[in-house]
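Q: To start, I am sharing the structure in question, which I have written as structure tokens.
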Amino acid sequence: MKKYRIYSVIFYLTFLYSVVGFTQVKSSVAKKEIVLLQNEKWWGGAVVDGPKMPYNQDTFVYDQYANCKGNQSQPLFISNKGRFIWSEKPLKIEFSKGKISVVDTESQVVTGKSGESLKDVYTYVSKKFFPPTGKAPDSLFFSNPQYNTWVELHINQNEKDILKYAQAIIDNGFPTGVLMIDDNWQEYYGTWEFSGTRFQNPKEMIDKLHKMGFKVMLWIAPFVSSDTPNFRQLLAKKELMFADKKRTKPAIVQWWNGYSGLLDFSNPDATAWLKNQLKNLVDKYGVDGFKVDGGNPKYYNGLYSLNEIIPNEQSELYAKIGLDFPLSEVKDTWKMAGQPIAQRLRDKFHTWNDLRLLIPDMIALGLIGHPFGCPDMIGGGVSFEDKVLDEELIVRSAQVSALMPMMQFSVAPWRILNKEQLQICKNMAILHAKMGSEILELAIQSAKTGEPILRNMEYVFPGNGYEEVKDQFLMGNNILVAPITEKGLRSREVIFPDGTWQGEDGSIVIGPIKLKIVVPLDRLPWYRKKLQ
């Protein structure tokens, strides 16, 4: 009888494989080994590993537990041969010596194959594991540039200088759009009210910004200053993380701006409390949305929550709060693929090396299921205090961002650039706004299909040896963008896939071909494929 059951199971699995056409097997053990196919290359995991992608024969190890590497991370890996690795829980994965070893502590590793290309497998896993909702974030994210007050005001966020910054955007001929008021606008961390000393009338300020043509977002984080009434009330209700298993000592965590308590999102009451704080800002002041920052799961590692969940799940629950507000941005996220929320790259330094990270990071962002992506602030988002700025870097950074799904200014170009350089940056902002309706249409399509908006060459033109191309990209299928990311460079080689491509300068190129082009400082090379 037992043998009959075993044979029946084998017959059923064999039949299922022949009908469906791909394998999908849930591991019954904690470890799986996958032999790499010839010329097989993989993408996935953490966005900041974009420059290392695609993975193949080189050794690469990544343990995802409590580790999103300061940006987006997903338990997903996909290959140009149509294969995938997925888990609902954090993976530990290693590429070495022609093999992939995958460990999932809860034995939920799923592997399989669908189609023969990167696009084939991505569209399958998207529908299967993180189906798109059909909704996109607020249209202003895509149609116009964004502006963030961080670099100009740093920790001195105040009403007078915010209005001054907004007026300068208009006075210098830049399109209006989303305006983000960054960290330190609040009374204390966890006390989400405007500082009474730096904001005389926040409602009037936001009304003025609205009349000027901006929508307004506020920075938030899951931290709570310990010497405040809110901390004591949250602690009494066990809505904060604890340092001990008995849950008697509140955890005080060190983060980039101090030491604070930490909200426990395993407790639904803590989530409801924060949502009510944010709703109050919307209702009372007219705030349009929030920069949901500080969700790195590493802050939860080794701490104790009311209900036992892993650090990655704390990060996921925190990011989900942004879904209540169409105008929201997140940065440190676990999973969350397919959701209608803006995902920004982590802060970059004001260096050429970090500028070169933007394209591979944005490619990786799309391939783990986050199509609504924003590169970091133009010129870098790390504080520029006492740093000599590279004007050429600011210009080239604006060009890299101009035809991405979103672009975000923070450092004021009119403060640091000469007249000619400023005009180039302004032209890039205007170009993004001019192309805004087309970018928005791509976002609307992506909300339905789940596909990346910004795509690498291999995704659109598979099997042509484009897997390693990381210095140019496609918006949708038909717009090819090839910016400069090297200081002093005034020419570059562009890879044109099959088709007829018309440049922004009027040139016509018939692909496939590699072509060296001249790129003066004021040029962003981009080409539109002419449809037959």
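Chain identifiers are assigned as A, B, and so on, following the order in which chains appear in the structure tokens; residues are numbered from 1 within each chain, and ligands are numbered from 1 in order of appearance.
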So which residues touch Glu451 (chain A) within 7 Å, counting only C-alpha atoms, skipping near sequence neighbours fewer than 5 positions away, as number ranges by chain?
A: A: 123, 371, 446
Q: Among region 261-355 of chain A, which ones does DSSP place in strand (DSSP E), written as JSON, numbers by chain?
A: {"A": [261, 262, 289, 290, 291, 292, 327, 328, 329, 330, 342, 343, 344]}
Q: Would you mind exporting N, CA and C atoms of the selected residues as a compact mmCIF listing (two decimals), in the first residue's frame?
A:
```txt
# COMPACT_ATOMS: atom_id res chain seq x y z
N GLY A 261 14.15 55.14 21.42
CA GLY A 261 13.30 53.97 21.43
C GLY A 261 12.86 53.64 20.01
N LEU A 262 12.27 52.46 19.85
CA LEU A 262 11.93 51.97 18.52
C LEU A 262 10.54 51.36 18.53
N GLY A 289 1.93 63.89 2.05
CA GLY A 289 2.51 62.55 2.13
C GLY A 289 3.77 62.55 2.97
N PHE A 290 4.48 61.40 2.96
CA PHE A 290 5.57 61.22 3.91
C PHE A 290 6.77 60.50 3.29
N LYS A 291 7.95 60.92 3.69
CA LYS A 291 9.19 60.21 3.41
C LYS A 291 9.39 59.23 4.56
N VAL A 292 9.10 57.97 4.32
CA VAL A 292 9.09 56.95 5.38
C VAL A 292 10.51 56.38 5.48
N LEU A 327 1.23 59.74 -1.75
CA LEU A 327 2.48 60.47 -1.94
C LEU A 327 3.45 60.07 -0.83
N SER A 328 4.07 58.90 -0.98
CA SER A 328 5.00 58.41 0.03
C SER A 328 6.22 57.81 -0.64
N GLU A 329 7.36 57.93 0.06
CA GLU A 329 8.63 57.39 -0.41
C GLU A 329 9.23 56.54 0.69
N VAL A 330 9.78 55.38 0.32
CA VAL A 330 10.50 54.54 1.27
C VAL A 330 11.89 54.23 0.71
N ALA A 342 6.73 54.86 -3.92
CA ALA A 342 8.00 55.26 -4.49
C ALA A 342 9.14 54.65 -3.68
N GLN A 343 10.11 54.06 -4.37
CA GLN A 343 11.28 53.45 -3.74
C GLN A 343 12.52 54.23 -4.17
N ARG A 344 13.18 54.86 -3.21
CA ARG A 344 14.37 55.67 -3.54
C ARG A 344 15.65 54.89 -3.21
```
Q: Write out as JSON, numbers by chain each polymer residue whose atoms come within 10 Å of Lys275 (chain A), counting only C-alpha atoms; drop sequence neighbours fewer than 6 positions from it.
A: {"A": [269, 281, 321, 322, 324, 325]}
Q: Need to verify the contact set: region 71-83 of chain A, 8 Å, only C-alpha atoms, exclusion of same-chain residues closer than 4 positions in sequence. Can you return it as number ranges by chain?
A: A: 40-48, 64, 87-91, 111-122, 296, 331-335, 337, 343, 345-346, 365, 368, 458, 462
Q: Any idea what's packed within 12 Å of Asn257 (chain A), counting only C-alpha atoms, ignoring anything in its chain fewer than 5 positions away? Could you give it as a list of chain:residue names?
A: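 Contacts, with the query itself left out: A:His154, A:Ile155, A:Asp183, A:Asn184, A:Tyr188, A:Tyr189, A:Ala221, A:Phe223, A:Val224, A:Ser225, A:Gly294.
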